[in-house]
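Let me begin by presenting the structure, written as structure tokens, before commenting on it.
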Amino acid sequence: MTNPYQPQPAAILDIRPETAIDTTFRLAWDTPPSPGQFYEVSLPRLGEAPFSISGIGDGYLDMTIRKVGRVTEGIFALQPGDHVYLRGPYGHGFPLEQLAGKRLVIAAGGTGLAPVKPVIQYALAHPERFNGMEILLGFRSPEDILFREEIAAWQQQAPVHITVDRAAPGWPGKVGVITELLPGLDLAPLDQFQAVVVGPPLMMKFTVRALTERGLCDDQIWVSYERRMSCGLGKCGHCKINEKYVCVDGPVFNFTEARWLID
Amino acid sequence: MHDTPSETRRVRLSCEEADILLDNLAAHYRLFAPVRLPGRGRFSDQDAIRYAEVHTVHEIEHARRSHFSPKEILFPVSQTLFYLMDDALQEPQDDPRDMLVFLRACDIHGIARLDDIFLNNGPEPEPYYARRRARIKLALLECRHSLDEHCFCVAMGTNRTDAYAMAVRCDEGQLLVEVRDDDLRPALPASAAPADFTPEFPTADPQPVVVPDADRLQSAIRDHGFFAHPMWADYAKRCIACGRCNTHCMTCSCFTAYDIAYTEQPNAGERRRVWASCHIDRFTDMAGGHAFRDENGSRMRFKTMHKIHDFYQRFGRHMCVGCGRCDASCPEYISFATCISAISRVLEER
Amino acid sequence: MSTDLNTKLIMRNAYRITSDRRHTCLRVRVPGGHLEARHLSLIQHIADTYGNGTVHITTRQGFEIPGIPYEMIPEVNRALAPLLEALEVAIGVPLDDTTQGYPAAGTRNVAACIGNRVCPFANNDTTALAQRIEATIFPNHYHVKVAVTGCPNDCIKAHLQDFGIIGQAAVEIDAARCIGCEACVTNCRKRVTGALELQNMIAVRDAQRCIGCGECVLKCPTGAWSRNPHKFFRMVILGRTGKKNPRLAATFLEWAAEPVILAVLRNVYKFIDEHIDRSLPKEHLGYIVDRIGYPAFRDALLDGVALNPQARVAERLDFHGYWHTADGIMQW
């Protein structure tokens, strides 16, 4: 019996700071996951933690990591050429087939942008497969904005709306919660839209509510849940919400299912 | 679990013959049964009753429920997943010997529930559990009646079982034995006298417990805001989130993994997994500090739903097997059996 | 004719000299503070028949039966016999003639908290130990106060006795059962002495800080902590109330086994006999030791005592009592 807990080493190719506390690590990795899946990343003797994928490329994965604990502090101490240990990918990602041909509304809050970024990049790289895309991004402050270069590139191809919860004087952009970006969206014809909403629990709750108030049906909305996945295999129970296990049934859920995930 | 027995043997054994049986079995199996650990109970001068390896019949505690369940034989409280030497991960060697576990009907059903999670949930079987599971045979410790006021196996439908390799009844110093498994039959002493013994099962719980219909419960959750029912707020005032109900439970299977580095040799260490509990703080903590179900009533609700609803929706049978250990261990005298009956009442009143 | 009494003999028979010149008050001992309820009817009978129909419950867990005319003492003693048989002789106290009342009163009733027959915190059956102590030191005329408590919460106020016996649990952890939940660590830090911490995710006990309260066993959700079934005791000594220098007892022994406790208590009387100031009507043990010094007292207590290997003896005593200093701090 092979041991699914046995991780594989992955060399760090590149380290790119995004904000004061978030850094993107590019890891050498040959088998590409689906956007939205996650890996368990470990450092021997420091521990293991789940991370989503913020970039998928030829021979590499990107993980955008915030320094918040023992494992991440260990990762932040590493240099290019050092190794981390991966097992995965786990879970169901975003259903690119079901999004195909649709107009996409992507709403991402804070680090929730990380798992959605590969979806955005995929859609922009294959414009023929989609019928346009609106990108709504919310961050706590201008200093918390992730992927600045990428966002600048996206803005050449699709409307990108950014808002921050608070900003120092001089911030030229919008201040407010992400739901305030929704009234400005043209959602016609309604049935042509598919929405992807990822972010902190409250952000997802209110964004989904606003989208349904604008007329979107549950089955047009996709969300991704963040939980403290430990095993990734549907055994350890940490990520269970009602009868669903986020690690195997999610982390991406259609809202027809996610509406019943009550904590 | 085992083949249809070609020839079931039913015998009566004297004390000496029973020990010969155990000796013979011990040649091939490690034998596990509930035993009394004098003075090791929660309160002073009280005994602990726990699963341990046994060699003689008199070591087996026949009359009382073990405080902790036999799940720890398959799913230890703490288990090393890997030894970590520099960058190498090495799996520890598990004891390769087969095991025979003496346990009650509810606990045999409990193992089927553990199988559902460890073997059947998710994309693949969990190897550490699966390895031990493949090495285990089950010996039914007969309960002719409920052991005490905490039992509710009849309500959960776990009072009867035929999923055992052998069954035993302690009968006035003698042992009545039914052996159904071909591998075990040769262990019977040649002198064993035939006896008319098939195990009996409890047919009534000491107190009636009403299990809510899972589908009606789902409708109550989805359409009638059952999670906001005041009963959960009441538990918020009573439950202290100590987690004993989880750790004593036969079917609670959650765990947490962590790494350590040996103090004396920091380049070596372990990746361990230990039991985790949805009642105990930090179970849902995420990096950065966010946690779900902060309040104890919602933890009670989460556990209760898992035991009598969520698991059912996934596997078509309830997770709870009515062994009563949660009720027997709760320091705040919260009765899970009372809780699920109360849920049934709430559904009726709607 | 006025009453003519030998008050010394009256008091040694466990009767008080009272504020009422015609009436005495009987002190009934209840070793370990726990008795079969049926004995209460005899206490009631004596109070109703010989006393004034009332009973006072003492801090030492005895009963005082007031309002007994002095001349009734022999009759009361005969009526008392069944109680002496049940509460003293039955537990091994050597009494020759139970119809003569209590043969001594100086060594006071050995009191006990309710212990593990009822209390989940108790680390032993305090009543049973108090009864074995009673059988070891009673009857005796020297004034010695002993009490037994089941855990360091000290509900019986062992710290106000000449000898306070505090049940200690030698707790042991089965590391293979520890899930690192910190229930024991947090509780010990908040409620006890902070003797526990996690080392590599497993609870570890600092033997220098652990006072053996056993609460980690109560808190542990997996049964990782348990008590060693061997019982151990801390003995605190020379606590007192009183007018001159009230103080809490200080620790003399830790992790002592029961035979050590009993042997030490047996040795007390020889020390008192050798050192008591007979010019005083009565000298309490604490004041004797204040005069003679702890080292001599310690040596006398431990004379011939085989200490169990776990037992530890105090090098010195630190009392934190106070001396009445009205001139210094009180304002008129």
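To be explicit about the labels: the chains of the structure tokens are called A, B, and onward in the order shown, and within each one the residues are counted from 1, while ligands get numbers from 1 in the order they are shown.
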Interface rows for chain C against chain B: nearest pair, Å to one decimal, 12 Å, only C-alpha atoms, as JSON lines:
{"residue": "C:Gly115", "atom": "CA", "partner": "B:Ser44", "partner_atom": "CA", "distance": 9.7}
{"residue": "C:Asn116", "atom": "CA", "partner": "B:Ser44", "partner_atom": "CA", "distance": 6.6}
{"residue": "C:Arg117", "atom": "CA", "partner": "B:Asp45", "partner_atom": "CA", "distance": 9.2}
{"residue": "C:Val118", "atom": "CA", "partner": "B:Phe43", "partner_atom": "CA", "distance": 10.1}
{"residue": "C:Cys119", "atom": "CA", "partner": "B:Phe43", "partner_atom": "CA", "distance": 8.8}
{"residue": "C:Pro120", "atom": "CA", "partner": "B:Phe43", "partner_atom": "CA", "distance": 5.8}
{"residue": "C:Phe121", "atom": "CA", "partner": "B:Phe43", "partner_atom": "CA", "distance": 7.3}
{"residue": "C:Ala122", "atom": "CA", "partner": "B:Ser44", "partner_atom": "CA", "distance": 6.9}
{"residue": "C:Asn123", "atom": "CA", "partner": "B:Ser44", "partner_atom": "CA", "distance": 5.2}
{"residue": "C:Asn124", "atom": "CA", "partner": "B:Ser44", "partner_atom": "CA", "distance": 6.2}
{"residue": "C:Asp125", "atom": "CA", "partner": "B:Asp45", "partner_atom": "CA", "distance": 8.2}
{"residue": "C:Thr126", "atom": "CA", "partner": "B:Ser44", "partner_atom": "CA", "distance": 11.4}
{"residue": "C:Gly150", "atom": "CA", "partner": "B:Ser44", "partner_atom": "CA", "distance": 9.9}
{"residue": "C:Cys151", "atom": "CA", "partner": "B:Ser44", "partner_atom": "CA", "distance": 10.9}
{"residue": "C:Gly167", "atom": "CA", "partner": "B:Ser44", "partner_atom": "CA", "distance": 10.4}
{"residue": "C:Gln168", "atom": "CA", "partner": "B:Ser44", "partner_atom": "CA", "distance": 10.5}
{"residue": "C:Ala169", "atom": "CA", "partner": "B:Ser44", "partner_atom": "CA", "distance": 8.4}
{"residue": "C:Ala170", "atom": "CA", "partner": "B:Ser44", "partner_atom": "CA", "distance": 11.0}
{"residue": "C:Val171", "atom": "CA", "partner": "B:Arg40", "partner_atom": "CA", "distance": 9.8}
{"residue": "C:Glu172", "atom": "CA", "partner": "B:Arg40", "partner_atom": "CA", "distance": 9.8}
{"residue": "C:Ile173", "atom": "CA", "partner": "B:Arg40", "partner_atom": "CA", "distance": 11.1}
{"residue": "C:Asp174", "atom": "CA", "partner": "B:Ser78", "partner_atom": "CA", "distance": 10.6}
{"residue": "C:Ala175", "atom": "CA", "partner": "B:Ser78", "partner_atom": "CA", "distance": 8.5}
{"residue": "C:Ala176", "atom": "CA", "partner": "B:Ser78", "partner_atom": "CA", "distance": 5.6}
{"residue": "C:Arg177", "atom": "CA", "partner": "B:Val77", "partner_atom": "CA", "distance": 5.3}
{"residue": "C:Cys178", "atom": "CA", "partner": "B:Ser78", "partner_atom": "CA", "distance": 7.1}
{"residue": "C:Ile179", "atom": "CA", "partner": "B:Val274", "partner_atom": "CA", "distance": 5.4}
{"residue": "C:Gly180", "atom": "CA", "partner": "B:Val274", "partner_atom": "CA", "distance": 8.2}
{"residue": "C:Cys181", "atom": "CA", "partner": "B:Ile280", "partner_atom": "CA", "distance": 7.6}
{"residue": "C:Glu182", "atom": "CA", "partner": "B:Asp281", "partner_atom": "CA", "distance": 9.8}
{"residue": "C:Ala183", "atom": "CA", "partner": "B:Cys242", "partner_atom": "CA", "distance": 7.8}
{"residue": "C:Cys184", "atom": "CA", "partner": "B:Cys242", "partner_atom": "CA", "distance": 10.8}
{"residue": "C:Asn187", "atom": "CA", "partner": "B:Cys242", "partner_atom": "CA", "distance": 11.8}
{"residue": "C:Leu198", "atom": "CA", "partner": "B:Ile260", "partner_atom": "CA", "distance": 11.6}
{"residue": "C:Gln199", "atom": "CA", "partner": "B:Thr263", "partner_atom": "CA", "distance": 8.9}
{"residue": "C:Asn200", "atom": "CA", "partner": "B:Ile260", "partner_atom": "CA", "distance": 5.7}
{"residue": "C:Met201", "atom": "CA", "partner": "B:Ile260", "partner_atom": "CA", "distance": 7.6}
{"residue": "C:Ile202", "atom": "CA", "partner": "B:Ile260", "partner_atom": "CA", "distance": 10.2}
{"residue": "C:Cys213", "atom": "CA", "partner": "B:Ser44", "partner_atom": "CA", "distance": 11.1}
{"residue": "C:Gly214", "atom": "CA", "partner": "B:Ser44", "partner_atom": "CA", "distance": 8.8}
{"residue": "C:Glu215", "atom": "CA", "partner": "B:Arg42", "partner_atom": "CA", "distance": 9.7}
{"residue": "C:Cys216", "atom": "CA", "partner": "B:Arg42", "partner_atom": "CA", "distance": 9.7}
{"residue": "C:Val217", "atom": "CA", "partner": "B:Arg42", "partner_atom": "CA", "distance": 6.1}
{"residue": "C:Leu218", "atom": "CA", "partner": "B:Arg42", "partner_atom": "CA", "distance": 5.8}
{"residue": "C:Lys219", "atom": "CA", "partner": "B:Cys242", "partner_atom": "CA", "distance": 7.8}
{"residue": "C:Cys220", "atom": "CA", "partner": "B:Arg244", "partner_atom": "CA", "distance": 8.3}
{"residue": "C:Pro221", "atom": "CA", "partner": "B:Arg244", "partner_atom": "CA", "distance": 4.9}
{"residue": "C:Thr222", "atom": "CA", "partner": "B:Thr247", "partner_atom": "CA", "distance": 6.0}
{"residue": "C:Gly223", "atom": "CA", "partner": "B:Arg42", "partner_atom": "CA", "distance": 7.5}
{"residue": "C:Ala224", "atom": "CA", "partner": "B:Val77", "partner_atom": "CA", "distance": 9.4}
{"residue": "C:Trp225", "atom": "CA", "partner": "B:Arg42", "partner_atom": "CA", "distance": 8.7}
{"residue": "C:Ser226", "atom": "CA", "partner": "B:Arg40", "partner_atom": "CA", "distance": 5.4}
{"residue": "C:Arg227", "atom": "CA", "partner": "B:Arg40", "partner_atom": "CA", "distance": 5.9}
{"residue": "C:Asn228", "atom": "CA", "partner": "B:Arg40", "partner_atom": "CA", "distance": 7.1}
{"residue": "C:Pro229", "atom": "CA", "partner": "B:Gly39", "partner_atom": "CA", "distance": 5.0}
{"residue": "C:His230", "atom": "CA", "partner": "B:Gly39", "partner_atom": "CA", "distance": 8.6}
{"residue": "C:Lys231", "atom": "CA", "partner": "B:Ser44", "partner_atom": "CA", "distance": 9.5}
{"residue": "C:Phe232", "atom": "CA", "partner": "B:Ser44", "partner_atom": "CA", "distance": 11.9}
(request) Could you please write out, as a ChimeraX atom specification, every residue of segment 35-172 of chain C that DSSP assigns to strand (DSSP E or B)? (result) /C:56-57,63-69,107,111-112,144,146-149,163-168,171-172
Output N, CA, C and O atoms of each residue in that selection to a file, as an mmCIF file, in the first residue's frame.
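Once written, again.cif looks like this:
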data_model
loop_
_atom_site.group_PDB
_atom_site.id
_atom_site.type_symbol
_atom_site.label_atom_id
_atom_site.label_comp_id
_atom_site.auth_asym_id
_atom_site.auth_seq_id
_atom_site.Cartn_x
_atom_site.Cartn_y
_atom_site.Cartn_z
ATOM 1 N N HIS C 56 -24.353 21.057 70.245
ATOM 2 C CA HIS C 56 -23.509 21.981 69.485
ATOM 3 C C HIS C 56 -22.565 21.174 68.597
ATOM 4 O O HIS C 56 -21.921 20.225 69.054
ATOM 5 N N ILE C 57 -22.497 21.561 67.306
ATOM 6 C CA ILE C 57 -21.595 20.883 66.368
ATOM 7 C C ILE C 57 -20.288 21.653 66.361
ATOM 8 O O ILE C 57 -20.267 22.856 66.107
ATOM 9 N N PHE C 63 -19.531 16.485 68.685
ATOM 10 C CA PHE C 63 -20.777 17.050 69.209
ATOM 11 C C PHE C 63 -20.528 17.445 70.649
ATOM 12 O O PHE C 63 -19.918 16.690 71.405
ATOM 13 N N GLU C 64 -20.991 18.608 71.049
ATOM 14 C CA GLU C 64 -20.980 18.957 72.461
ATOM 15 C C GLU C 64 -22.419 18.941 72.943
ATOM 16 O O GLU C 64 -23.305 19.503 72.303
ATOM 17 N N ILE C 65 -22.584 18.236 74.068
ATOM 18 C CA ILE C 65 -23.931 18.108 74.621
ATOM 19 C C ILE C 65 -23.962 18.887 75.932
ATOM 20 O O ILE C 65 -23.422 18.441 76.957
ATOM 21 N N PRO C 66 -24.519 20.087 75.916
ATOM 22 C CA PRO C 66 -24.463 20.958 77.092
ATOM 23 C C PRO C 66 -25.637 20.708 78.060
ATOM 24 O O PRO C 66 -26.582 20.006 77.728
ATOM 25 N N GLY C 67 -25.517 21.320 79.234
ATOM 26 C CA GLY C 67 -26.616 21.315 80.198
ATOM 27 C C GLY C 67 -26.718 20.036 81.007
ATOM 28 O O GLY C 67 -27.777 19.717 81.546
ATOM 29 N N ILE C 68 -25.613 19.288 81.107
ATOM 30 C CA ILE C 68 -25.632 18.045 81.876
ATOM 31 C C ILE C 68 -25.226 18.348 83.314
ATOM 32 O O ILE C 68 -24.134 18.889 83.559
ATOM 33 N N PRO C 69 -26.068 18.054 84.302
ATOM 34 C CA PRO C 69 -25.660 18.271 85.699
ATOM 35 C C PRO C 69 -24.439 17.415 86.020
ATOM 36 O O PRO C 69 -24.346 16.263 85.576
ATOM 37 N N THR C 107 -5.618 15.031 73.443
ATOM 38 C CA THR C 107 -5.500 14.834 72.002
ATOM 39 C C THR C 107 -6.903 14.883 71.422
ATOM 40 O O THR C 107 -7.770 14.096 71.776
ATOM 41 N N ALA C 111 -10.020 15.167 62.818
ATOM 42 C CA ALA C 111 -11.056 15.592 61.876
ATOM 43 C C ALA C 111 -10.632 15.252 60.449
ATOM 44 O O ALA C 111 -9.458 15.003 60.179
ATOM 45 N N ALA C 112 -11.598 15.226 59.563
ATOM 46 C CA ALA C 112 -11.297 14.927 58.156
ATOM 47 C C ALA C 112 -12.308 15.615 57.257
ATOM 48 O O ALA C 112 -13.484 15.744 57.612
ATOM 49 N N VAL C 144 -2.973 17.730 71.350
ATOM 50 C CA VAL C 144 -2.470 17.631 69.972
ATOM 51 C C VAL C 144 -3.679 17.640 69.036
ATOM 52 O O VAL C 144 -4.652 16.921 69.265
ATOM 53 N N VAL C 146 -4.973 17.090 65.181
ATOM 54 C CA VAL C 146 -4.638 16.467 63.895
ATOM 55 C C VAL C 146 -5.878 16.512 63.020
ATOM 56 O O VAL C 146 -6.998 16.290 63.496
ATOM 57 N N ALA C 147 -5.666 16.795 61.742
ATOM 58 C CA ALA C 147 -6.782 16.710 60.790
ATOM 59 C C ALA C 147 -6.256 16.203 59.455
ATOM 60 O O ALA C 147 -5.076 16.374 59.139
ATOM 61 N N VAL C 148 -7.152 15.570 58.717
ATOM 62 C CA VAL C 148 -6.787 14.937 57.450
ATOM 63 C C VAL C 148 -7.632 15.554 56.339
ATOM 64 O O VAL C 148 -8.852 15.670 56.474
ATOM 65 N N THR C 149 -6.973 15.928 55.267
ATOM 66 C CA THR C 149 -7.714 16.481 54.134
ATOM 67 C C THR C 149 -7.280 15.765 52.861
ATOM 68 O O THR C 149 -6.156 15.269 52.771
ATOM 69 N N PHE C 163 -0.835 19.011 63.405
ATOM 70 C CA PHE C 163 -0.441 18.123 62.306
ATOM 71 C C PHE C 163 -1.579 18.078 61.283
ATOM 72 O O PHE C 163 -2.685 17.642 61.605
ATOM 73 N N GLY C 164 -1.299 18.549 60.088
ATOM 74 C CA GLY C 164 -2.294 18.481 59.017
ATOM 75 C C GLY C 164 -1.804 17.488 57.982
ATOM 76 O O GLY C 164 -0.660 17.553 57.535
ATOM 77 N N ILE C 165 -2.653 16.546 57.638
ATOM 78 C CA ILE C 165 -2.273 15.507 56.681
ATOM 79 C C ILE C 165 -3.041 15.781 55.395
ATOM 80 O O ILE C 165 -4.276 15.805 55.389
ATOM 81 N N ILE C 166 -2.314 15.978 54.304
ATOM 82 C CA ILE C 166 -2.923 16.380 53.024
ATOM 83 C C ILE C 166 -2.667 15.287 51.995
ATOM 84 O O ILE C 166 -1.509 14.954 51.716
ATOM 85 N N GLY C 167 -3.737 14.720 51.463
ATOM 86 C CA GLY C 167 -3.593 13.639 50.485
ATOM 87 C C GLY C 167 -2.897 14.137 49.224
ATOM 88 O O GLY C 167 -3.228 15.191 48.687
ATOM 89 N N GLN C 168 -1.903 13.389 48.777
ATOM 90 C CA GLN C 168 -1.184 13.730 47.548
ATOM 91 C C GLN C 168 -1.331 12.604 46.548
ATOM 92 O O GLN C 168 -1.240 11.425 46.904
ATOM 93 N N VAL C 171 0.908 11.617 40.418
ATOM 94 C CA VAL C 171 0.305 11.490 39.088
ATOM 95 C C VAL C 171 1.364 11.047 38.086
ATOM 96 O O VAL C 171 2.535 11.419 38.189
ATOM 97 N N GLU C 172 0.913 10.255 37.156
ATOM 98 C CA GLU C 172 1.825 9.708 36.136
ATOM 99 C C GLU C 172 1.184 9.901 34.779
ATOM 100 O O GLU C 172 -0.036 9.745 34.635
#
(request) Find the residues around Arg205 of chain C up to 8 Å (only C-alpha atoms counted), leave out those fewer than 2 positions away in its own chain, and share them as a PyMOL selection string. (result) chain C and resi 195-197+203+207+210
(request) For chain A, list the residues within 7 Å of chain B, counting only C-alpha atoms, and write the list as an NGL selection string. (result) :A and (1 or 3 or 44-47 or 68-69 or 227-228 or 230 or 233-238 or 242-243 or 248 or 260 or 263)
(request) Could you please determine the separation between atom CA of His150 of chain B and atom CA of Cys323 of chain B in Å, to one decimal place? (result)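 Between these atoms lies a distance of 7.5 Å.
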(request) Grab the atom CA of Leu103 of chain B to atom CA of Cys239 of chain B distance for me, in Å with one decimal place. (result) 29.6 Å
(request) Mind checking which residues fall within 12 Å of Thr98 of chain C, counting only C-alpha atoms, ignoring those fewer than 5 positions away in the same chain, and posting them as number ranges by chain? (result) C: 13, 74, 76-90, 93, 103
(message) One number please: atom CA of Glu75 of chain C to atom CA of Ser2 of chain C, in Å, one decimal.
(response) 20.2 Å
(request) Would you list the contacts of Val211 of chain B as a list of chain:residue names, taking every protein, DNA or RNA residue within 9 Å and counting only C-alpha atoms, but skipping same-chain residues closer than 3 positions in sequence? (result) B:Ala155, B:Met156, B:Ala214, B:Ile308, B:Ala337, B:Ile340, B:Ser341, B:Ile343, B:Ser344
(request) List the neighbours of Ala258 of chain A out to 9 Å using only C-alpha atoms; skip same-chain residues closer than 4 positions along the sequence, and give me the result as an MDAnalysis selection string. (result) chainID A and resid 222:223 225 252:254 262
Dump N, CA and C atoms for the selected residues as a CSV table (one decimal), in the first residue's frame?
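As a result, result02.csv now contains:
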chain,number,residue,atom,x,y,z
A,222,TRP,N,-20.1,30.0,-7.7
A,222,TRP,CA,-19.2,29.0,-7.2
A,222,TRP,C,-18.4,29.7,-6.0
A,223,VAL,N,-18.2,29.0,-5.0
A,223,VAL,CA,-17.4,29.5,-3.9
A,223,VAL,C,-16.3,28.5,-3.5
A,225,TYR,N,-14.1,27.2,-0.1
A,225,TYR,CA,-14.0,27.3,1.3
A,225,TYR,C,-12.6,27.1,1.8
A,252,VAL,N,-13.9,23.8,-3.7
A,252,VAL,CA,-14.8,24.6,-4.5
A,252,VAL,C,-16.2,23.9,-4.5
A,253,PHE,N,-17.2,24.7,-4.2
A,253,PHE,CA,-18.6,24.2,-4.2
A,253,PHE,C,-19.4,25.1,-5.0
A,254,ASN,N,-20.4,24.4,-5.7
A,254,ASN,CA,-21.5,25.2,-6.3
A,254,ASN,C,-22.3,25.7,-5.2
A,262,ILE,N,-23.6,25.1,6.9
A,262,ILE,CA,-23.9,26.0,7.9
A,262,ILE,C,-23.0,25.7,9.1
(message) If we count only C-alpha atoms and set the cut-off at 8 Å, which residues sit around Lys102 of chain A, ignoring sequence neighbours fewer than 5 positions away in its own chain? Please answer as a list in words.
(response) Phe130, Asn131, Gly132, Gln192, Phe193 and Gln194 of chain A
(request) Run DSSP on the backbone and grab whatever in segment 66-175 of chain B lands in helix (DSSP H, G or I); send it over as a PyMOL selection string. (result) chain B and resi 71-74+105-120+127-134+153-156
Selection above as a file: C-alpha atoms, as a PDB file, in the first residue's frame:
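Final output, again_23.pdb:
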ATOM      1  CA  LYS B  71     -11.203   2.048  18.829  1.00  0.00           C
ATOM      2  CA  GLU B  72      -7.771   2.820  20.265  1.00  0.00           C
ATOM      3  CA  ILE B  73      -6.541  -0.594  19.131  1.00  0.00           C
ATOM      4  CA  LEU B  74      -7.169   0.360  15.500  1.00  0.00           C
ATOM      5  CA  ALA B 105     -22.043  -5.725  19.700  1.00  0.00           C
ATOM      6  CA  CYS B 106     -22.270  -1.930  19.726  1.00  0.00           C
ATOM      7  CA  ASP B 107     -18.500  -1.672  19.387  1.00  0.00           C
ATOM      8  CA  ILE B 108     -18.473  -4.175  16.513  1.00  0.00           C
ATOM      9  CA  HIS B 109     -20.902  -1.831  14.766  1.00  0.00           C
ATOM     10  CA  GLY B 110     -18.593   0.993  15.812  1.00  0.00           C
ATOM     11  CA  ILE B 111     -15.749  -0.589  13.877  1.00  0.00           C
ATOM     12  CA  ALA B 112     -17.948  -0.615  10.788  1.00  0.00           C
ATOM     13  CA  ARG B 113     -18.400   3.136  11.306  1.00  0.00           C
ATOM     14  CA  LEU B 114     -14.646   3.641  11.621  1.00  0.00           C
ATOM     15  CA  ASP B 115     -14.297   1.643   8.402  1.00  0.00           C
ATOM     16  CA  ASP B 116     -16.694   4.053   6.708  1.00  0.00           C
ATOM     17  CA  ILE B 117     -14.462   6.991   7.532  1.00  0.00           C
ATOM     18  CA  PHE B 118     -10.993   5.490   7.335  1.00  0.00           C
ATOM     19  CA  LEU B 119     -11.504   3.084   4.469  1.00  0.00           C
ATOM     20  CA  ASN B 120     -14.411   4.476   2.485  1.00  0.00           C
ATOM     21  CA  PRO B 127      -3.092   3.174   5.346  1.00  0.00           C
ATOM     22  CA  TYR B 128      -2.305   3.187   9.060  1.00  0.00           C
ATOM     23  CA  TYR B 129      -5.849   2.202   9.966  1.00  0.00           C
ATOM     24  CA  ALA B 130      -6.197  -0.160   7.036  1.00  0.00           C
ATOM     25  CA  ARG B 131      -3.088  -2.106   8.017  1.00  0.00           C
ATOM     26  CA  ARG B 132      -4.342  -2.751  11.524  1.00  0.00           C
ATOM     27  CA  ARG B 133      -7.868  -3.387  10.345  1.00  0.00           C
ATOM     28  CA  ALA B 134      -6.644  -6.160   8.071  1.00  0.00           C
ATOM     29  CA  CYS B 153     -27.854   0.309  21.392  1.00  0.00           C
ATOM     30  CA  VAL B 154     -31.380  -0.960  20.760  1.00  0.00           C
ATOM     31  CA  ALA B 155     -32.493   2.512  19.684  1.00  0.00           C
ATOM     32  CA  MET B 156     -29.489   2.798  17.377  1.00  0.00           C
TER      33      MET B 156
END
